[in-house]
Amino acid sequence: MMKMEKSSTRIIDIKELTFDSGAHLLINRALADTPIGETLGLRGRAAELAVHLRGWCRAQGHEIIWPGSTLDPVVAPTSTQRIKQQSTINRDSTTTTLDESPLVAWIVRGKAGTGRWLGAQRAGLAKANLGDAVVDLPPANWGLAARGATVEAGTPEFHFGLDTKASVWAENLPRLYAQAAAAQWDPATAINWTEAVNLSEEVETAVVQIMTYLIENETAALLVPAKFLAQIHPHFREAMQLLAIQVADEARHIEIFTRRALLRREELGLSTVSGQASLKTLVDEPDFTLASFLLAVLGEGTFLNLLWFLEQYAPDPLTRRVAQLAAQDEARHVAFGMAHLQYQIERDKRTLERLAAAINRRHDALSQTSGLNEEVFDALVILAAGEWTAEAIATGFAKVLRLQEEMDASRQTRLLRLGFAPDEAKALSALHTRNFM
Amino acid sequence: MADRETFVLGAVAYDPKVVTIWEGFKTYFARHGLPFDFVLYSNYERQVEEHLAGRLHAAWNSPLAWIRAVRMARATGKEVEAIAMRDSDQDLTSVIITRAASRIQTLADLKNKIVAVGALDSPQATMLPLHHLRLNDLTPEVDFAVQYNDLLGGKHGDHIGGEREAARALMNGKADAACIIDANHLFFVKEGTLPAGATRILAQTAPFDHCNFTVVKGASEDLIARFRELLLAMTYEDAEVRPLLDLEGLKAWREGRIEGYRALEAAIDEMKFYDEDGKILNPNYRY
């Protein structure tokens, strides 16, 4: 009789809808408004509805009361009338007053559906600019959940190496990501590949050598963020996204430098021991902050000067254009590196000591190598000279020396912005690899 | 005799997930102060024999294994008890389906036809549907041919493969009807084994119960009582056991009950599968 009292809830009519075409959606929707332990009446006409309902309820942890059974809340004609009246009051949009389907069963809502979400946690907030949206130490079991999602208790733990905010974050990360996403360009259309390039053989050789060198360096610039990308706790979504775009940027750079090199040649230029030894120290660096410092702030920062140099002095418009496009992206990479380091230094001043030590370590590791290969240096001089006269070569040579002075000055500026004293900045900049990157 | 300190459970390895399930439960019982171990068998027949030989405190038995345990215990003056079962073990039904376009409209139309069933030892896909057909005056292999899909004998139909093969036989025209458990009708549609709307349910068996934890009455009662108490205390709200309950296909453990095995008792006798003492009679049964 208690059941009779409780049955004053809804009856829904799902008409011809079957379980293999979504009946569970309407039933779940109605059950969501049914208290645990209370009943929901189900009307329907599909031939297999009762069979499928039995299996479905068993799997969901709901009980079923079949019409006519001893537990049927509607056992007497008067009760039937009462239920019908009440179902009219609580009528669901799926029912109609005319042509009502037969009652299939009463579903007693189980507690498993809600039990699953006891102890669930919200994984921060989706919008990074809201208060504690990004937590300092997200739990390992938040795993791949979207930031802001509700995570079921007992989710398996993912062990990401970069799982603290301090280790990856930067204040302006969401804005940097938005800028990066907006600045994507298509190598097929951003450059006019049909433009004629008619350089002398020697100058073309110089361009190909520089492109070969750029490809090698951009490969390091792709692999380093890619390595750390897979270690970032996805709670730090914008850091993960920004590194992913950096990787894609470098993929495009490799494409356009390769395409320029092969424009009039079948083969690329030279790759040297010292060049690769320098890049290997970057690829092998296991610490994200130190790698950001060495690659983004010092390496890509120095490369910016190089790319601007090529944009200004390259002998053909196509080469100038590829350098210009790459420089736009590299500037963003440098900006993220700087922002991340500033974020860390603000929280731990000792970071500066670690950065200085990293430059010294890298310098020591490379002290026995020759630095920038002669072919690249000479190629830059030829590019800047533009012709084979003694005066032009002397001018070109001076321009490359000035480039190296500008690179040094830019590095010192960035080191000063990070908080190094002027004499420290000067000394540390001088220790940067002669290979530029 | 089983170790007095450690509760030892027997279970049949019908799927690799069985290891995950019982390793997880082992941790749960240990955390609650009950030393627990499990022994996996490749078939229910050996599990029942080992259980009644005193090597296990309890066996996670199929309905068929339960009935064999009842009979073997009775033959030696013992008595077994079903102490717990899953909520999803209660009130199952099986269905006999045909192709939607088939001329077969009633069970009587199955006369001289081919009915695909599951494994020889499957209660849900073979024994109970065939019993249902007998109740409707259709004798297997007399009034209709039985096409067995005898996969993984000894696992009492726990493996879904036999039912899937029966459903395939129906759809590719090698059988006129197929016998499967109710929930698999929807499941086979969802996975694509049965095209949506391509089949029609001809009949549904009376409700029956499935697995239970079987114990021998009077043996290690305190240990068994503790096991049962901890088992029934498991809750779906506990994030640690919830994945295990999901794997084992339940939302809550229930008290054991045995009323739901009566039809299977009759089916076993009709098929001459076990004798009154639990001895295996069917010469074609391989496990």
# chains A, B, ... in the order shown; residues from 1 in each chain; ligands from 1
call {"tool": "select_by_dssp", "arguments": {"residues": "region 47-268 of chain B", "states": "alpha helix (DSSP H)", "output": "PyMOL selection string"}}
result
chain B and resi 47-52+63-75+128-135+161-171+182-191+221-233+242-248+262-268
call {"tool": "interface_residues", "arguments": {"of": "chain A", "to": "chain B", "cutoff": "9 Å", "atoms": "only C-alpha atoms", "output": "list in words"}}
result
Phe19, Asp20, Ser21, Ala47, Glu48, Val51, His52, Leu53, Arg54, Gly55, Trp56, Arg58, Ala59, Gln60, Gly61, Lys111, Ala112, Thr114, Gly115, Arg116, Trp117, Leu118, Gly119, Glu152, Ala153, Gly154 and Thr155 of chain A
call {"tool": "closest_residue", "arguments": {"among": "A:Val134, A:Leu173, A:Ile191, A:Ala206", "to": "Glu374 (chain A)", "atoms": "only C-alpha atoms"}}
result
A:Ala206
call {"tool": "closest_residue", "arguments": {"among": "B:Phe29, B:Lys155, B:Phe188, B:Glu270", "to": "Pro140 (chain B)", "atoms": "only C-alpha atoms"}}
result
B:Glu270
call {"tool": "residues_around", "arguments": {"residues": "Pro286 (chain A)", "least_positions_apart": "3", "cutoff": "12 Å", "atoms": "only C-alpha atoms", "output": "PyMOL selection string"}}
result
chain A and resi 161-162+224-225+227-228+231+280-283+289-292+294+358
call {"tool": "write_last_selection", "arguments": {"atoms": "N, CA and C atoms", "output": "PDB file, in the first residue's frame"}}
result
ATOM      1  N   GLY A 161      54.871  14.680 -15.874  1.00  0.00           N
ATOM      2  CA  GLY A 161      56.061  15.220 -15.230  1.00  0.00           C
ATOM      3  C   GLY A 161      55.925  16.696 -14.887  1.00  0.00           C
ATOM      4  N   LEU A 162      55.213  17.449 -15.719  1.00  0.00           N
ATOM      5  CA  LEU A 162      55.051  18.887 -15.485  1.00  0.00           C
ATOM      6  C   LEU A 162      53.647  19.105 -14.923  1.00  0.00           C
ATOM      7  N   VAL A 224      62.071  20.011 -29.166  1.00  0.00           N
ATOM      8  CA  VAL A 224      62.154  20.370 -27.742  1.00  0.00           C
ATOM      9  C   VAL A 224      60.767  20.633 -27.146  1.00  0.00           C
ATOM     10  N   PRO A 225      59.947  21.517 -27.723  1.00  0.00           N
ATOM     11  CA  PRO A 225      58.591  21.676 -27.148  1.00  0.00           C
ATOM     12  C   PRO A 225      57.755  20.411 -27.269  1.00  0.00           C
ATOM     13  N   LYS A 227      58.700  17.396 -26.939  1.00  0.00           N
ATOM     14  CA  LYS A 227      59.079  16.497 -25.840  1.00  0.00           C
ATOM     15  C   LYS A 227      58.367  16.907 -24.552  1.00  0.00           C
ATOM     16  N   PHE A 228      58.299  18.201 -24.287  1.00  0.00           N
ATOM     17  CA  PHE A 228      57.673  18.668 -23.041  1.00  0.00           C
ATOM     18  C   PHE A 228      56.144  18.698 -23.140  1.00  0.00           C
ATOM     19  N   GLN A 231      54.377  16.005 -21.530  1.00  0.00           N
ATOM     20  CA  GLN A 231      54.575  15.891 -20.079  1.00  0.00           C
ATOM     21  C   GLN A 231      53.733  16.888 -19.286  1.00  0.00           C
ATOM     22  N   LYS A 280      72.262  19.422 -29.851  1.00  0.00           N
ATOM     23  CA  LYS A 280      72.046  18.239 -28.992  1.00  0.00           C
ATOM     24  C   LYS A 280      71.939  18.655 -27.517  1.00  0.00           C
ATOM     25  N   THR A 281      72.672  19.688 -27.145  1.00  0.00           N
ATOM     26  CA  THR A 281      72.561  20.135 -25.748  1.00  0.00           C
ATOM     27  C   THR A 281      71.164  20.674 -25.453  1.00  0.00           C
ATOM     28  N   LEU A 282      70.501  21.200 -26.475  1.00  0.00           N
ATOM     29  CA  LEU A 282      69.123  21.666 -26.297  1.00  0.00           C
ATOM     30  C   LEU A 282      68.159  20.494 -26.201  1.00  0.00           C
ATOM     31  N   VAL A 283      68.308  19.576 -27.139  1.00  0.00           N
ATOM     32  CA  VAL A 283      67.397  18.423 -27.194  1.00  0.00           C
ATOM     33  C   VAL A 283      67.540  17.572 -25.929  1.00  0.00           C
ATOM     34  N   THR A 289      61.989  24.478 -17.751  1.00  0.00           N
ATOM     35  CA  THR A 289      62.322  25.898 -17.577  1.00  0.00           C
ATOM     36  C   THR A 289      63.680  26.217 -18.191  1.00  0.00           C
ATOM     37  N   LEU A 290      64.651  25.339 -17.949  1.00  0.00           N
ATOM     38  CA  LEU A 290      65.979  25.577 -18.513  1.00  0.00           C
ATOM     39  C   LEU A 290      65.960  25.468 -20.031  1.00  0.00           C
ATOM     40  N   ALA A 291      65.184  24.486 -20.529  1.00  0.00           N
ATOM     41  CA  ALA A 291      65.085  24.341 -21.983  1.00  0.00           C
ATOM     42  C   ALA A 291      64.407  25.565 -22.591  1.00  0.00           C
ATOM     43  N   SER A 292      63.384  26.093 -21.901  1.00  0.00           N
ATOM     44  CA  SER A 292      62.708  27.309 -22.398  1.00  0.00           C
ATOM     45  C   SER A 292      63.699  28.459 -22.465  1.00  0.00           C
ATOM     46  N   LEU A 294      67.102  28.290 -22.650  1.00  0.00           N
ATOM     47  CA  LEU A 294      68.150  28.100 -23.652  1.00  0.00           C
ATOM     48  C   LEU A 294      67.594  28.183 -25.071  1.00  0.00           C
ATOM     49  N   ALA A 358      72.878  27.090 -16.168  1.00  0.00           N
ATOM     50  CA  ALA A 358      72.567  26.345 -17.395  1.00  0.00           C
ATOM     51  C   ALA A 358      73.376  26.885 -18.571  1.00  0.00           C
TER      52      ALA A 358
END
call {"tool": "select_by_dssp", "arguments": {"residues": "region 35-282 of chain B", "states": "strand (DSSP E)", "output": "PyMOL selection string"}}
result
chain B and resi 36-41+58-61+80-86+94-99+114-116+145-147+177-181+199-204+212-216+253-255
call {"tool": "write_last_selection", "arguments": {"atoms": "C-alpha atoms", "output": "compact mmCIF listing (two decimals), in the first residue's frame"}}
result
# COMPACT_ATOMS: atom_id res chain seq x y z
CA PHE B 36 41.22 -13.49 0.85
CA ASP B 37 42.52 -15.54 -2.03
CA PHE B 38 40.96 -16.94 -5.17
CA VAL B 39 41.50 -19.92 -7.40
CA LEU B 40 40.54 -19.71 -11.05
CA TYR B 41 39.21 -22.73 -12.91
CA ALA B 58 32.88 -20.61 -1.52
CA ALA B 59 32.41 -20.91 -5.25
CA TRP B 60 31.13 -18.20 -7.60
CA ASN B 61 28.79 -20.53 -9.42
CA VAL B 80 24.83 -26.14 0.02
CA GLU B 81 23.56 -22.63 0.40
CA ALA B 82 23.41 -19.63 -1.96
CA ILE B 83 24.60 -16.79 0.26
CA ALA B 84 24.64 -13.88 -2.17
CA MET B 85 24.15 -12.88 -5.77
CA ARG B 86 24.28 -9.78 -7.98
CA SER B 94 15.69 -15.42 -22.42
CA VAL B 95 14.04 -14.79 -25.74
CA ILE B 96 13.50 -16.83 -28.86
CA ILE B 97 13.81 -14.60 -31.89
CA THR B 98 13.20 -15.02 -35.58
CA ARG B 99 13.79 -12.81 -38.59
CA ILE B 114 16.13 -25.16 -37.14
CA VAL B 115 16.58 -23.43 -33.80
CA ALA B 116 20.04 -22.03 -33.06
CA ALA B 145 16.39 -29.43 -35.13
CA VAL B 146 18.74 -27.87 -32.58
CA GLN B 147 21.81 -26.11 -33.93
CA ALA B 177 15.14 -19.00 -34.81
CA ALA B 178 17.78 -18.20 -32.21
CA CYS B 179 17.83 -18.28 -28.42
CA ILE B 180 19.58 -15.51 -26.48
CA ILE B 181 19.32 -13.77 -23.13
CA THR B 199 14.29 -9.58 -35.84
CA ARG B 200 11.09 -10.30 -33.99
CA ILE B 201 10.69 -11.82 -30.53
CA LEU B 202 8.64 -15.02 -30.75
CA ALA B 203 8.68 -15.94 -27.09
CA GLN B 204 10.15 -15.00 -23.73
CA ASN B 212 25.39 -17.10 -6.84
CA PHE B 213 28.06 -17.55 -4.19
CA THR B 214 27.67 -21.14 -3.06
CA VAL B 215 28.90 -22.43 0.31
CA VAL B 216 28.67 -25.79 2.04
CA TRP B 253 25.04 -7.49 -4.08
CA ARG B 254 21.84 -9.09 -2.87
CA GLU B 255 20.94 -11.89 -0.48
call {"tool": "residues_around", "arguments": {"residues": "Val197 (chain A)", "least_positions_apart": "3", "cutoff": "9 Å", "atoms": "only C-alpha atoms", "output": "ChimeraX atom specification"}}
result
/A:194,263-264,316-318
call {"tool": "atom_distance", "arguments": {"atom1": "CA of Ala198 (chain B)", "atom2": "CA of Ala100 (chain B)"}}
result
5.1 Å
call {"tool": "atom_distance", "arguments": {"atom1": "CA of Ala244 (chain A)", "atom2": "CA of Phe160 (chain A)"}}
result
16.2 Å
call {"tool": "residues_around", "arguments": {"residues": "Gln312 (chain A)", "least_positions_apart": "3", "cutoff": "10 Å", "atoms": "only C-alpha atoms", "output": "list of chain:residue names"}}
result
A:Leu306, A:Leu307, A:Trp308, A:Phe309, A:Pro315, A:Pro317, A:Thr319, A:Arg320, A:Arg321, A:Ala323, A:Gln324, A:Ala384
call {"tool": "atom_distance", "arguments": {"atom1": "CA of Leu9 (chain B)", "atom2": "CA of Gly260 (chain B)"}}
result
23.1 Å
call {"tool": "closest_residue", "arguments": {"among": "A:Arg434, A:Arg109, A:Arg414, A:His235", "to": "Glu63 (chain A)", "atoms": "only C-alpha atoms"}}
result
A:Arg109
call {"tool": "residues_around", "arguments": {"residues": "Arg122 (chain A)", "least_positions_apart": "5", "cutoff": "10 Å", "atoms": "only C-alpha atoms", "output": "list in words"}}
result
Trp142, Ala145, Ala146, Arg147, Gly148, Ala149, Thr150, Val151 and Glu152 of chain A
call {"tool": "write_last_selection", "arguments": {"atoms": "N, CA and C atoms", "output": "PDB file, in the first residue's frame"}}
result
ATOM      1  N   TRP A 142      42.845  13.836 -12.103  1.00  0.00           N
ATOM      2  CA  TRP A 142      42.063  14.688 -13.008  1.00  0.00           C
ATOM      3  C   TRP A 142      42.405  14.334 -14.450  1.00  0.00           C
ATOM      4  N   ALA A 145      40.809  15.129 -18.098  1.00  0.00           N
ATOM      5  CA  ALA A 145      39.532  15.850 -18.006  1.00  0.00           C
ATOM      6  C   ALA A 145      39.713  17.310 -18.406  1.00  0.00           C
ATOM      7  N   ALA A 146      38.703  17.829 -19.087  1.00  0.00           N
ATOM      8  CA  ALA A 146      38.720  19.251 -19.437  1.00  0.00           C
ATOM      9  C   ALA A 146      38.774  20.066 -18.154  1.00  0.00           C
ATOM     10  N   ARG A 147      39.546  21.158 -18.146  1.00  0.00           N
ATOM     11  CA  ARG A 147      39.554  22.012 -16.958  1.00  0.00           C
ATOM     12  C   ARG A 147      38.148  22.590 -16.788  1.00  0.00           C
ATOM     13  N   GLY A 148      37.591  22.412 -15.596  1.00  0.00           N
ATOM     14  CA  GLY A 148      36.221  22.858 -15.350  1.00  0.00           C
ATOM     15  C   GLY A 148      35.221  21.722 -15.353  1.00  0.00           C
ATOM     16  N   ALA A 149      35.641  20.529 -15.809  1.00  0.00           N
ATOM     17  CA  ALA A 149      34.733  19.373 -15.826  1.00  0.00           C
ATOM     18  C   ALA A 149      34.607  18.790 -14.416  1.00  0.00           C
ATOM     19  N   THR A 150      33.541  18.020 -14.187  1.00  0.00           N
ATOM     20  CA  THR A 150      33.380  17.300 -12.929  1.00  0.00           C
ATOM     21  C   THR A 150      33.936  15.891 -13.129  1.00  0.00           C
ATOM     22  N   VAL A 151      34.909  15.533 -12.294  1.00  0.00           N
ATOM     23  CA  VAL A 151      35.651  14.288 -12.498  1.00  0.00           C
ATOM     24  C   VAL A 151      35.184  13.237 -11.497  1.00  0.00           C
ATOM     25  N   GLU A 152      34.774  12.096 -12.010  1.00  0.00           N
ATOM     26  CA  GLU A 152      34.309  10.994 -11.165  1.00  0.00           C
ATOM     27  C   GLU A 152      35.441  10.523 -10.242  1.00  0.00           C
TER      28      GLU A 152
END
call {"tool": "decode", "arguments": {"residues": "region 256-276 of chain A", "atoms": "N, CA and C atoms", "output": "PDB file, in the first residue's frame"}}
result
ATOM      1  N   ILE A 256      58.797  25.440 -45.389  1.00  0.00           N
ATOM      2  CA  ILE A 256      59.087  26.548 -46.321  1.00  0.00           C
ATOM      3  C   ILE A 256      60.585  26.685 -46.573  1.00  0.00           C
ATOM      4  N   PHE A 257      61.424  26.405 -45.574  1.00  0.00           N
ATOM      5  CA  PHE A 257      62.872  26.486 -45.806  1.00  0.00           C
ATOM      6  C   PHE A 257      63.305  25.387 -46.773  1.00  0.00           C
ATOM      7  N   THR A 258      62.703  24.206 -46.619  1.00  0.00           N
ATOM      8  CA  THR A 258      63.042  23.100 -47.519  1.00  0.00           C
ATOM      9  C   THR A 258      62.602  23.442 -48.955  1.00  0.00           C
ATOM     10  N   ARG A 259      61.391  23.975 -49.034  1.00  0.00           N
ATOM     11  CA  ARG A 259      60.851  24.286 -50.352  1.00  0.00           C
ATOM     12  C   ARG A 259      61.686  25.367 -51.057  1.00  0.00           C
ATOM     13  N   ARG A 260      62.135  26.364 -50.283  1.00  0.00           N
ATOM     14  CA  ARG A 260      62.986  27.404 -50.885  1.00  0.00           C
ATOM     15  C   ARG A 260      64.320  26.808 -51.350  1.00  0.00           C
ATOM     16  N   ALA A 261      64.874  25.930 -50.509  1.00  0.00           N
ATOM     17  CA  ALA A 261      66.184  25.349 -50.857  1.00  0.00           C
ATOM     18  C   ALA A 261      66.103  24.513 -52.139  1.00  0.00           C
ATOM     19  N   LEU A 262      64.970  23.846 -52.317  1.00  0.00           N
ATOM     20  CA  LEU A 262      64.842  22.938 -53.462  1.00  0.00           C
ATOM     21  C   LEU A 262      64.280  23.629 -54.712  1.00  0.00           C
ATOM     22  N   LEU A 263      64.116  24.954 -54.603  1.00  0.00           N
ATOM     23  CA  LEU A 263      63.514  25.673 -55.726  1.00  0.00           C
ATOM     24  C   LEU A 263      64.325  25.503 -57.018  1.00  0.00           C
ATOM     25  N   ARG A 264      65.633  25.564 -56.882  1.00  0.00           N
ATOM     26  CA  ARG A 264      66.472  25.432 -58.087  1.00  0.00           C
ATOM     27  C   ARG A 264      67.534  24.359 -57.926  1.00  0.00           C
ATOM     28  N   ARG A 265      67.485  23.616 -56.835  1.00  0.00           N
ATOM     29  CA  ARG A 265      68.511  22.597 -56.572  1.00  0.00           C
ATOM     30  C   ARG A 265      67.861  21.264 -56.222  1.00  0.00           C
ATOM     31  N   GLU A 266      68.586  20.201 -56.429  1.00  0.00           N
ATOM     32  CA  GLU A 266      68.115  18.863 -56.072  1.00  0.00           C
ATOM     33  C   GLU A 266      68.626  18.457 -54.700  1.00  0.00           C
ATOM     34  N   GLU A 267      69.716  19.090 -54.257  1.00  0.00           N
ATOM     35  CA  GLU A 267      70.351  18.675 -53.004  1.00  0.00           C
ATOM     36  C   GLU A 267      70.483  19.847 -52.055  1.00  0.00           C
ATOM     37  N   LEU A 268      70.543  19.520 -50.766  1.00  0.00           N
ATOM     38  CA  LEU A 268      70.730  20.553 -49.748  1.00  0.00           C
ATOM     39  C   LEU A 268      72.213  20.722 -49.432  1.00  0.00           C
ATOM     40  N   GLY A 269      72.508  21.631 -48.475  1.00  0.00           N
ATOM     41  CA  GLY A 269      73.884  21.955 -48.140  1.00  0.00           C
ATOM     42  C   GLY A 269      74.476  21.072 -47.063  1.00  0.00           C
ATOM     43  N   LEU A 270      75.298  21.658 -46.195  1.00  0.00           N
ATOM     44  CA  LEU A 270      76.108  20.886 -45.255  1.00  0.00           C
ATOM     45  C   LEU A 270      75.568  20.952 -43.839  1.00  0.00           C
ATOM     46  N   SER A 271      75.811  19.862 -43.108  1.00  0.00           N
ATOM     47  CA  SER A 271      75.457  19.810 -41.680  1.00  0.00           C
ATOM     48  C   SER A 271      76.721  19.435 -40.933  1.00  0.00           C
ATOM     49  N   THR A 272      77.078  20.213 -39.916  1.00  0.00           N
ATOM     50  CA  THR A 272      78.383  20.006 -39.273  1.00  0.00           C
ATOM     51  C   THR A 272      78.279  19.412 -37.879  1.00  0.00           C
ATOM     52  N   VAL A 273      79.392  18.859 -37.429  1.00  0.00           N
ATOM     53  CA  VAL A 273      79.494  18.287 -36.085  1.00  0.00           C
ATOM     54  C   VAL A 273      79.189  19.360 -35.034  1.00  0.00           C
ATOM     55  N   SER A 274      79.798  20.517 -35.193  1.00  0.00           N
ATOM     56  CA  SER A 274      79.632  21.532 -34.151  1.00  0.00           C
ATOM     57  C   SER A 274      78.198  22.039 -34.092  1.00  0.00           C
ATOM     58  N   GLY A 275      77.570  22.174 -35.264  1.00  0.00           N
ATOM     59  CA  GLY A 275      76.179  22.622 -35.288  1.00  0.00           C
ATOM     60  C   GLY A 275      75.278  21.653 -34.552  1.00  0.00           C
ATOM     61  N   GLN A 276      75.421  20.377 -34.854  1.00  0.00           N
ATOM     62  CA  GLN A 276      74.556  19.370 -34.232  1.00  0.00           C
ATOM     63  C   GLN A 276      74.905  19.182 -32.755  1.00  0.00           C
TER      64      GLN A 276
END
